[in-house]
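Reading through the structure tokens given below for one structure.
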Amino acid sequence: LLVVAKNDRAHRKLADQFADHGRTGPLERRYLAIVWGEMPRKNGTIDAGITRSTANRERMMVSNAERARFAITHYEVLETFHAGGAVVASLIACRLETGRTHQIRVHLAHAGHPLLGDALYGSGFRTREKFLSEGAQAALKELDRQALHAELLAFEHPRSAEVLEFTVDPPEDFGALHAALAKA
């Protein structure tokens with residue numbers, strides 16, 4: 001889901017809402033993510049500062065450094081997927097209280113549960129793919145990206161002040177991975 005402003009006035013009002021991250025207004029962003037393993041609790045909050053990696057400029061990282069910007073991600077486990085009697089992956093909903101570059105990916109990897117298909121933050125989990133069913137392995141290969149989907153976007157219309165809410169179902173490749181994991 002994306003929002004595009006048609007003029008400068010609308011752009012400024014929308015930019016103000018996004019800069020506020022919904023703390024004082026109706027802005028809401030919810031994402032679906034399929035992560036490796038089982039989250040420690042059904043609901044939780046990851047509150048950890050994020051900064052650019054000094055080793056790899058393409059990566060962000062959790063940091064306590066003064067230059068790190070605060071970042072808060074709330075999550076809820078929606079479903080868990082089993083193989084061989086163990087949880088191999090989970091479907092979670094994430095709600096952002098802030099909006100940092102790669103925030104969901106960085107926070108979940110830091111928590112030990114990177115997104116399936118995330119080559120940048122979850123490369124150390126590639127060996128876990130062997131625990132997935134053949135169908136789930138094939139669906140993950142077809143996904144060819146991280147298993148993250150922007151499901152909901154709500155904001156105040158810049159002119160009418162009406163709260164608009166948009167939702168979109170996951171794309172076919174995300175749905176195919178979800179179905180293959182649920183089938184195992």
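Residue numbering restarts at 1 for every chain of the structure tokens, chains are lettered A, B, ... in their displayed order, and ligands are numbered from 1 as they appear.
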Residues near stretch 36-43 of chain A, anyone? I mean within 6 Å using only C-alpha atoms, not counting same-chain ones fewer than 5 positions away, as a CSV table (one decimal) with C-alpha atoms, in the first residue's frame.
chain,number,residue,atom,x,y,z
A,75,TYR,CA,3.8,-7.6,17.1
A,76,GLU,CA,1.0,-10.2,17.5
A,77,VAL,CA,1.4,-13.9,16.6
A,87,VAL,CA,7.6,-24.6,15.3
A,88,VAL,CA,9.5,-23.7,12.1
A,89,ALA,CA,7.9,-20.4,11.3
A,90,SER,CA,5.2,-17.9,12.5
A,113,HIS,CA,13.3,-14.3,14.2
A,114,PRO,CA,14.2,-12.9,10.8
Next item on the list: Would you return as number ranges by chain the members of chain A that DSSP assigns to strand (DSSP E) on this structure's backbone?
Entry: A: 28-36, 43-47, 50-52, 60-62, 72-83, 86-96, 148-156, 163-167
Next item on the list: Please provide the set of residues having any atom within 6 Å of A:Arg30, restricted to only C-alpha atoms, with same-chain residues fewer than 6 positions apart removed, written as a ChimeraX atom specification.
Entry: /A:94-95,151-152
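Each of A:Glu165, A:Ile50, A:Gly135, A:Ala68 was compared to A:His110 using only C-alpha atoms, and A:Ile50 turns out to be the nearest.
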Check: Closest to A:Lys13 among A:Pro171, A:Phe155, A:Ala184, A:Gly84, using only C-alpha atoms?
Finding: A:Phe155
Margin query: What's around A:Asp118 at 12 Å? Count only C-alpha atoms, leave out sequence neighbours fewer than 5 positions away in its own chain, and write the answer as a list in words.
Written below: Ala33, Ile34, Val35, Trp36, Arg59, His102, Ile104, Arg105, Val106, Leu108, Ala109, His113, Ser123, Gly124, Phe125, Arg126, Leu140, Lys141, Leu143, Asp144, Arg145, Gln146, Ala147 and Leu148 of chain A
Check: Which residue out of A:Met60, A:Leu132, A:Ala71, A:Ile46 has the minimum interatomic distance to A:Gly85 when only C-alpha atoms are used?
Finding: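 Among the listed residues, the smallest separation from A:Gly85 belongs to A:Leu132.
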Contact check, stretch 60-159 of chain A to stretch 22-27 of chain A, at most 12 Å, counting only C-alpha atoms, closest pairs as CSV:
residue,atom,partner,partner_atom,distance
A:Ile72,CA,A:Arg23,CA,11.7
A:Arg95,CA,A:Gly22,CA,10.7
A:Leu96,CA,A:Gly22,CA,9.0
A:Glu97,CA,A:Gly22,CA,7.1
A:Thr98,CA,A:Gly22,CA,8.4
A:Gly99,CA,A:Gly22,CA,10.2
A:Leu152,CA,A:Leu27,CA,10.3
A:Leu153,CA,A:Leu27,CA,7.4
A:Ala154,CA,A:Leu27,CA,5.3
A:Phe155,CA,A:Leu27,CA,4.3
A:Glu156,CA,A:Pro26,CA,6.3
A:His157,CA,A:Pro26,CA,10.1
A:Pro158,CA,A:Leu27,CA,11.9
Checklist line | For A:Thr51, the nearest of the candidates A:Thr73, A:Ser160, A:Gln103, A:Ser63, counting only C-alpha atoms | finding: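 Residue with the minimum atom-to-atom distance to A:Thr51: A:Ser63.
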